[in-house]
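*Asks:* Before we start, here is the structure in question, set down as structure tokens.
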Amino acid sequence: MMRTPSKQGAENNRGISGHLFTLHQRLYHALNLGLRSSGDKGRKWQSSDIEIQRLVIRSIDAFLDCMSVEALQHPLVKESIADMIGALEGILHFTNEATLSLASNVTVKMVNVIPSSILQSPVLDLIRPLTSLLPSHQLQVAVSCATALNLIFPILHIKREGEVWEILKETKAVVYIVNNIHDFFDGSKSIEYLREMVSLLSKILWRWRSSRFCVWSDANLMEVLGVLSLKPDFSVKVAVLQLYSAIALCSNGAEKLLENGKAVLHMMVHCMEWSNSVSVQMEGFRLAQLLAINEEGCSTMMTLCSEPIVRAIINGLNSWSSHSGKISKDQMSLLMEACRLALITRWEGEHHNYFWKLGVDRILLNLLLNNFRNTSQSQQFSSLKEQIAAAQHGLNQNFHPVLRPFIWDILGGLAAHCLEDFDPKMHGNELCINVLITCACLAFVDSIHNTRQLCQNDLSDIFRNESASRSVLMMIYSPCKYIASQVRSILSELLRPNGKEHLKYVLDKLSQSRNKFEMPDNYQSVIYLMILACYSGLPQYRKHIIKNQGIKILVAFIRWCLSNDVHVRRLSMALAPSFFIERTCCRAHTEDWDGDDIPLLFSLWGLAELVHHSSCLKTHPDIFAGQVDYNEAQLVSELQRICSHTSTPGPIWYAAYILSHFGLYGFPSKLGKRMGKVHTEMEFVDLELILTNGEPLHVHSVMLMARCPSLLPPQELPLSEITFDGSLARNDLEKCRRIRKEVRLSAHVDQQALLKLLEYIYLGHLQASAELVKKLKILARHCNLQSLFQMLSRKRPKWGTPIPTFGLTLALEPAGHHFSDIILEAKVADMINWTCPSCSVSVPHMHVHKVILCSSSAYFQGMFRSGMQESHTETIKTHVGWNALFKIVKWFYSDELPKPISGCLWDSLDADDKLHELYPYVELCWLAEYWCLGDDLHEYCSSVVISSLDSARHLSIKVIQIAASLYQKKLAEVAANYMAPLYHQLRNSGELEALDEELADMVRAASVRLSQNGGHPHS
């Protein structure tokens, strides 16, 4: 059936020219030669006639050439788009070489000309034929198809991504694009061909996570990209940078890039140089942001290329200076990217030295106060009031206020990690730093004013206030004495008129906010908590806070956060754009120092400062006066709970810091609790520490070796006499153990202090009086126990400091074998062929220590007490594979199991390899029960297996068999539930026959429950 333009359109062609109307008629005369009705699917292209195809392509081309903005809104034109796309789709599918080049070129023109709002839905029909033609031997066709897809993918609606990914998989688009890039070096391909292919691959990787693994794991491709990055053509460099950025969205991909870091970073820094175009520089900055998206990546990047990257950041921040305050849109975009990368100041490292050395304070100040460099560079203010007035005048100019959250965050990071003895005079920038601090303090006081006036729904203002408040908080408590002193002085001056009034308002709001802690009130409450922590750092306000029940409010807030499981993560305008985070994958869960516990952290911070300056709590019992039904013991219990059950380092550190004022030092842990029992019972000791009065203290060598090696005696045998696997020759080992080792201590060692030190070594924490702490500090310093020394000295926690781990894994190193007395032997080395690197001998066993095994398992306690205690270096067969044995031993010594692979690495495995990963965790479920290792370990291993079945349901039939063979009935039932939806399919295919009758009945019962519950197995 022939189709003609609508009657209404033919009669009323106002809005389009007569020429366009004529072209429209010609277009439809041509389209009607090949388009035929296809039922509900509309009209489909049917003609394979080359001349008809050429006529249609020329008609579409001519019609598109006459498009205008007004014409594109006309009904006649809108009605034509679906038919033009249908024709091009069909022509491309027929793959007539005579018309492919014309059709692909016109497709590019159409995607360029037609607005995305009109093109959005029908253009999807073009994706399959375009991706199918990517391997075309007609190079211009392949280029045009890649160009068209490069234009289509950015306008693709997120709801259609799943549908498009299926097309990309079916047409093997990624494989063909990678092959095309490989083939570039045969000499017949143009730079345009390469650029379009690399650009298309980066767009696919950006949108579809599943495509990334096969790209970054392709060693040949990564090598080719390295060669391409050396080409002088910047269009190629930009395309490669974009592809690197897309690869870096995957955490594993980023790690791969950094393995060959020097070459990648050299090109990245080269592109970030100010002499390049803005677009080239921006791609360099974006890649750097993705490589430094977490502290680990930042540290690796800075180790390889610290100074050049910091220099590029400084140049990027300073790039606006030649524009006399007027910045183009592109220039502002570049400045924003440089600001985002400069946020690496939030992490400690050598890069901080380079930031100061290259004058970051001057750059930041000039971004805040456009005219400061010109009018005040050599000016010295005669008074603090004059300095404040100058800073206020500059801030009132409102120069690029969008940059201020970045500036406050960068400054806060610099202050948090500044060295204690940092002297701005050495860099010749004392004036700049002082004015910069003054600006931040002014912004902080403004934030207090704003919190009393702003609309609670104005999130942009809340985020700006948050950045300013956080910056001043970091400066007040900076390790740098100069910065901390300056900010306290300036802030005290600024708060003089209304400081107490503001403080009372903040306290009142905090006491009310617990009853309505919802978005955006949660962020506002966080600002109040930071403001209160800042006030707590000013001596003249501490008594006022306590008088107005500040302690009571903070303690109640802490309890409320814990009892209501309140979690709030920082949300700042200055952080990396959300689309970076949304598109990343395979990111390991590594908590930032504040994590999602920022209300708890800042509550503890304020309380810690008040407690610290209240001297000894025992002589000031009134500090907690008015705490109804809440005594000191309850507070201590809550703080210990934070230390034991919180995963975020910041709150743990501040809880431990407060506990130190109650005479409690260290970090309680599950492993420490287990080892504490061993310390009390004192079984299997092999070392005596002899005091000057002749009294011996019995200890375990392995504990000293792992936790405090300086207390160990010199080794009886040199390391050269240790065998290849780290153990001593058996005869020598037996001889060594017949002699109780003794270490005679100096008269300077205090017995009570040593006992407390041993308590810390075994438990990870201790309790001591003020008098004993003085002696302990000396001992801790001599034993090089830095974290204990810091806690005993009651030094304020430094932002970003990791929690000292209570780990004994050093005892698993070869030197620790000297103290081992048990060998755990795997069933077979079947799950992994582990060999000793030095001799290539299979070693399916591990050297361990009785005392560690007994601390974790009642099974081993009974075994050794019933007859093995007189034996030496006994071998115990574990009845599990090497992989499971390795994991459980790691758990014995660290209370943590090595985590299974996940993300794209897991997805890339075939069924057998996935089963290989899961098998040890099923074994450990059995071992946890058999060795009496506790429910927590069993539950964790079960959760690993179950979560893996979520993404690999087809493994259920193997897992149910393994679980049943190891008597893990609950795990078998879970596997049966996963098999339930596939029951009929498995029965018809005969796969159920592999199961014994009991397991088959279990799956059948799960299937029945599923049907009864309406398809919901857990209803």
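We name chains A, B, ... following the order of the structure tokens; residues begin at 1 in each chain, and ligands are numbered from 1 as shown.
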So which residues touch Arg212 in chain A within 8 Å, counting only C-alpha atoms, skipping near sequence neighbours fewer than 5 positions away, as an MDAnalysis selection string?

*Replies:* chainID A and resid 205 247 250 253 904

*Asks:* For the residues in that selection, give me C-alpha atoms as a PDB file, in the first residue's frame.

*Replies:*
ATOM      1  CA  LEU A 205      32.839   1.454  28.210  1.00  0.00           C
ATOM      2  CA  ILE A 247      38.741   1.997  31.588  1.00  0.00           C
ATOM      3  CA  CYS A 250      36.479   0.096  36.672  1.00  0.00           C
ATOM      4  CA  GLY A 253      40.985  -1.234  35.081  1.00  0.00           C
ATOM      5  CA  CYS A 904      34.069  -7.876  36.538  1.00  0.00           C
TER       6      CYS A 904
END

*Asks:* Which of range 974-1013 of chain A end up as alpha helix (DSSP H) when DSSP is run on this backbone - answer as a PyMOL selection string?

*Replies:* chain A and resi 974-979+983-989+997-1012

*Asks:* Pick out the residues sitting within 12 Å of range 486-496 of chain A, and hand them over as JSON, numbers by chain; count only C-alpha atoms, and ignore anything fewer than 4 positions along from it in its own chain.

*Replies:* {"A": [383, 384, 385, 386, 387, 388, 389, 391, 392, 412, 415, 424, 430, 431, 433, 434, 435, 436, 437, 438, 439, 440, 441, 442, 443, 444, 445, 446, 448, 449, 469, 471, 472, 473, 474, 475, 476, 477, 478, 480, 481, 482, 500, 501, 502, 503, 531, 534, 535, 536, 537, 538, 539, 540, 541]}

*Asks:* Would you compute the distance between CA of Gly499 in chain A and CA of Ala533 in chain A? Give it in Å to one decimal.

*Replies:*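 CA of Ala533 in chain A lies 13.8 Å from CA of Gly499 in chain A.
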
*Asks:* I need the strand (DSSP E or B) residues of range 866-967 of chain A per DSSP on the backbone, written as a list in words.

*Replies:*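 Written out, the strand (DSSP E or B) residues of range 866-967 of chain A are Glu874, Thr875, Ile876 and Lys877 of chain A.
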
*Asks:* I want to know what sits within 12 Å of Arg559 in chain A, based on only C-alpha atoms, with residues of the same chain fewer than 5 positions away left out; could you give that as a list in words?

*Replies:* Arg514, Lys552, Ile553, Leu554, Asn564, Asp565, Val566, Pro599, Leu600, Ser603, Leu604, Tyr630, Gln634, Leu635, Val636, Ser637, Glu638, Leu639, Arg641 and Ile642 of chain A

*Asks:* Excluding Ser275 in chain A and any residue of its chain fewer than 3 positions from it, enumerate the residues within 12 Å of it, using only C-alpha atoms, and give them as a PDB file with N, CA and C atoms, in the first residue's frame.

*Replies:*
ATOM      1  N   VAL A 269      49.938  13.897  32.002  1.00  0.00           N
ATOM      2  CA  VAL A 269      50.502  15.167  32.453  1.00  0.00           C
ATOM      3  C   VAL A 269      50.840  16.053  31.258  1.00  0.00           C
ATOM      4  N   HIS A 270      51.348  15.445  30.203  1.00  0.00           N
ATOM      5  CA  HIS A 270      51.664  16.206  28.985  1.00  0.00           C
ATOM      6  C   HIS A 270      50.414  16.891  28.440  1.00  0.00           C
ATOM      7  N   CYS A 271      49.292  16.200  28.476  1.00  0.00           N
ATOM      8  CA  CYS A 271      48.042  16.779  27.968  1.00  0.00           C
ATOM      9  C   CYS A 271      47.468  17.818  28.923  1.00  0.00           C
ATOM     10  N   MET A 272      47.844  17.761  30.199  1.00  0.00           N
ATOM     11  CA  MET A 272      47.346  18.735  31.171  1.00  0.00           C
ATOM     12  C   MET A 272      48.102  20.068  31.102  1.00  0.00           C
ATOM     13  N   VAL A 278      42.053  23.799  25.704  1.00  0.00           N
ATOM     14  CA  VAL A 278      41.276  23.526  26.916  1.00  0.00           C
ATOM     15  C   VAL A 278      40.706  22.114  26.888  1.00  0.00           C
ATOM     16  N   SER A 279      40.209  21.678  25.714  1.00  0.00           N
ATOM     17  CA  SER A 279      39.601  20.345  25.629  1.00  0.00           C
ATOM     18  C   SER A 279      40.620  19.244  25.930  1.00  0.00           C
ATOM     19  N   VAL A 280      41.851  19.429  25.460  1.00  0.00           N
ATOM     20  CA  VAL A 280      42.908  18.442  25.724  1.00  0.00           C
ATOM     21  C   VAL A 280      43.250  18.427  27.208  1.00  0.00           C
ATOM     22  N   GLN A 281      43.403  19.604  27.801  1.00  0.00           N
ATOM     23  CA  GLN A 281      43.726  19.676  29.228  1.00  0.00           C
ATOM     24  C   GLN A 281      42.640  19.024  30.083  1.00  0.00           C
ATOM     25  N   ALA A 312      50.806  20.667  37.346  1.00  0.00           N
ATOM     26  CA  ALA A 312      49.712  20.804  36.372  1.00  0.00           C
ATOM     27  C   ALA A 312      48.456  21.349  37.052  1.00  0.00           C
ATOM     28  N   ASN A 315      48.987  25.067  37.665  1.00  0.00           N
ATOM     29  CA  ASN A 315      48.825  25.804  36.401  1.00  0.00           C
ATOM     30  C   ASN A 315      47.358  25.885  36.005  1.00  0.00           C
ATOM     31  N   GLY A 316      46.610  24.783  36.228  1.00  0.00           N
ATOM     32  CA  GLY A 316      45.181  24.796  35.918  1.00  0.00           C
ATOM     33  C   GLY A 316      44.418  25.777  36.792  1.00  0.00           C
ATOM     34  N   SER A 319      45.128  29.314  35.581  1.00  0.00           N
ATOM     35  CA  SER A 319      44.926  29.599  34.154  1.00  0.00           C
ATOM     36  C   SER A 319      44.006  30.782  33.904  1.00  0.00           C
TER      37      SER A 319
END

*Asks:* Find the residues near Tyr28 in chain A: any atom within 12 Å, counting only C-alpha atoms, skip ones fewer than 5 places away on the same chain, and give them as a list in words.

*Replies:*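 The neighbour list is Met2, Arg3, Thr4, Pro5, Ser6, Phe21, Thr22, Leu23, Leu33, Gly34, Leu35, Leu55, Val56, Ile57, Ser59, Ile60, Phe63, Leu76, Val77, Glu79, Ser80, Ile81, Asp83, Met84 and Ala87 of chain A.
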
*Asks:* Store the residues of this selection in a file with N, CA and C atoms, as a compact mmCIF listing (two decimals), in the first residue's frame.

*Replies:*
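Dumped to result_25.txt:
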# COMPACT_ATOMS: atom_id res chain seq x y z
N MET A 2 0.60 2.15 -0.93
CA MET A 2 1.40 3.37 -1.05
C MET A 2 1.00 4.35 0.05
N ARG A 3 2.04 5.08 0.54
CA ARG A 3 1.78 6.09 1.57
C ARG A 3 2.10 7.45 0.99
N THR A 4 1.22 8.42 1.25
CA THR A 4 1.44 9.80 0.78
C THR A 4 1.45 10.71 1.97
N PRO A 5 2.01 11.93 1.82
CA PRO A 5 1.99 12.88 2.92
C PRO A 5 0.57 13.13 3.38
N SER A 6 0.40 13.38 4.67
CA SER A 6 -0.93 13.58 5.21
C SER A 6 -1.65 14.70 4.50
N PHE A 21 8.84 21.68 0.91
CA PHE A 21 7.62 20.91 0.73
C PHE A 21 7.74 20.03 -0.52
N THR A 22 8.34 20.58 -1.57
CA THR A 22 8.55 19.81 -2.80
C THR A 22 9.50 18.64 -2.54
N LEU A 23 10.59 18.94 -1.80
CA LEU A 23 11.55 17.87 -1.47
C LEU A 23 10.88 16.78 -0.63
N LEU A 33 8.65 3.44 -2.84
CA LEU A 33 9.12 2.38 -3.74
C LEU A 33 9.71 1.20 -2.98
N GLY A 34 10.10 1.43 -1.72
CA GLY A 34 10.77 0.36 -0.97
C GLY A 34 10.13 0.01 0.35
N LEU A 35 9.38 0.93 0.95
CA LEU A 35 8.75 0.67 2.25
C LEU A 35 7.43 -0.06 2.07
N LEU A 55 18.19 6.26 -4.99
CA LEU A 55 17.20 7.34 -5.11
C LEU A 55 16.73 7.78 -3.73
N VAL A 56 16.44 6.81 -2.86
CA VAL A 56 15.97 7.13 -1.50
C VAL A 56 17.05 7.86 -0.72
N ILE A 57 18.29 7.40 -0.81
CA ILE A 57 19.38 8.03 -0.06
C ILE A 57 19.56 9.48 -0.51
N SER A 59 17.32 11.36 -1.89
CA SER A 59 16.14 12.13 -1.47
C SER A 59 16.24 12.53 0.00
N ILE A 60 16.68 11.58 0.83
CA ILE A 60 16.87 11.90 2.26
C ILE A 60 17.93 12.96 2.43
N PHE A 63 16.63 16.37 1.42
CA PHE A 63 15.65 16.82 2.41
C PHE A 63 16.35 17.34 3.67
N LEU A 76 4.93 17.84 9.25
CA LEU A 76 5.35 17.10 8.06
C LEU A 76 6.74 16.50 8.25
N VAL A 77 7.61 17.30 8.79
CA VAL A 77 9.00 16.86 8.99
C VAL A 77 9.05 15.79 10.07
N GLU A 79 6.78 13.73 11.01
CA GLU A 79 6.20 12.48 10.52
C GLU A 79 7.16 11.70 9.64
N SER A 80 8.10 12.41 9.03
CA SER A 80 8.99 11.78 8.06
C SER A 80 10.16 11.04 8.70
N ILE A 81 10.50 11.39 9.93
CA ILE A 81 11.74 10.88 10.53
C ILE A 81 11.72 9.36 10.68
N ASP A 83 10.10 7.15 8.99
CA ASP A 83 10.21 6.48 7.69
C ASP A 83 11.62 6.59 7.12
N MET A 84 12.27 7.75 7.30
CA MET A 84 13.64 7.89 6.80
C MET A 84 14.57 6.92 7.54
N ALA A 87 13.98 3.39 6.31
CA ALA A 87 14.61 3.14 5.02
C ALA A 87 16.11 2.95 5.17

*Asks:* Counting only C-alpha atoms, which residue out of A:Ala826, A:Val236, A:Val773, A:Ile901 sits closest to Ile191 in chain A?

*Replies:*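 Of A:Ala826, A:Val236, A:Val773, A:Ile901, the one nearest Ile191 in chain A, counting only C-alpha atoms, is A:Val236.
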
*Asks:* Quick one: everything within 9 Å of Ile888 in chain A, counting only C-alpha atoms, minus sequence neighbours fewer than 4 positions away in the same chain. Send it as number ranges by chain.

*Replies:* A: 883-884, 892-893, 896-898, 924, 927

*Asks:* Would you please work out which residue, of A:Val945, A:Leu364, A:Gly90, A:Ile483, is nearest to Phe422 in chain A when using only C-alpha atoms?

*Replies:*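 Among the listed residues, A:Ile483 lies closest to Phe422 in chain A.
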
*Asks:* Measuring atom to atom with only C-alpha atoms, identify which of A:Leu119, A:Leu317, A:Met791, A:Val164 is nearest to Gly663 in chain A.

*Replies:*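 The closest residue to Gly663 in chain A is A:Met791.
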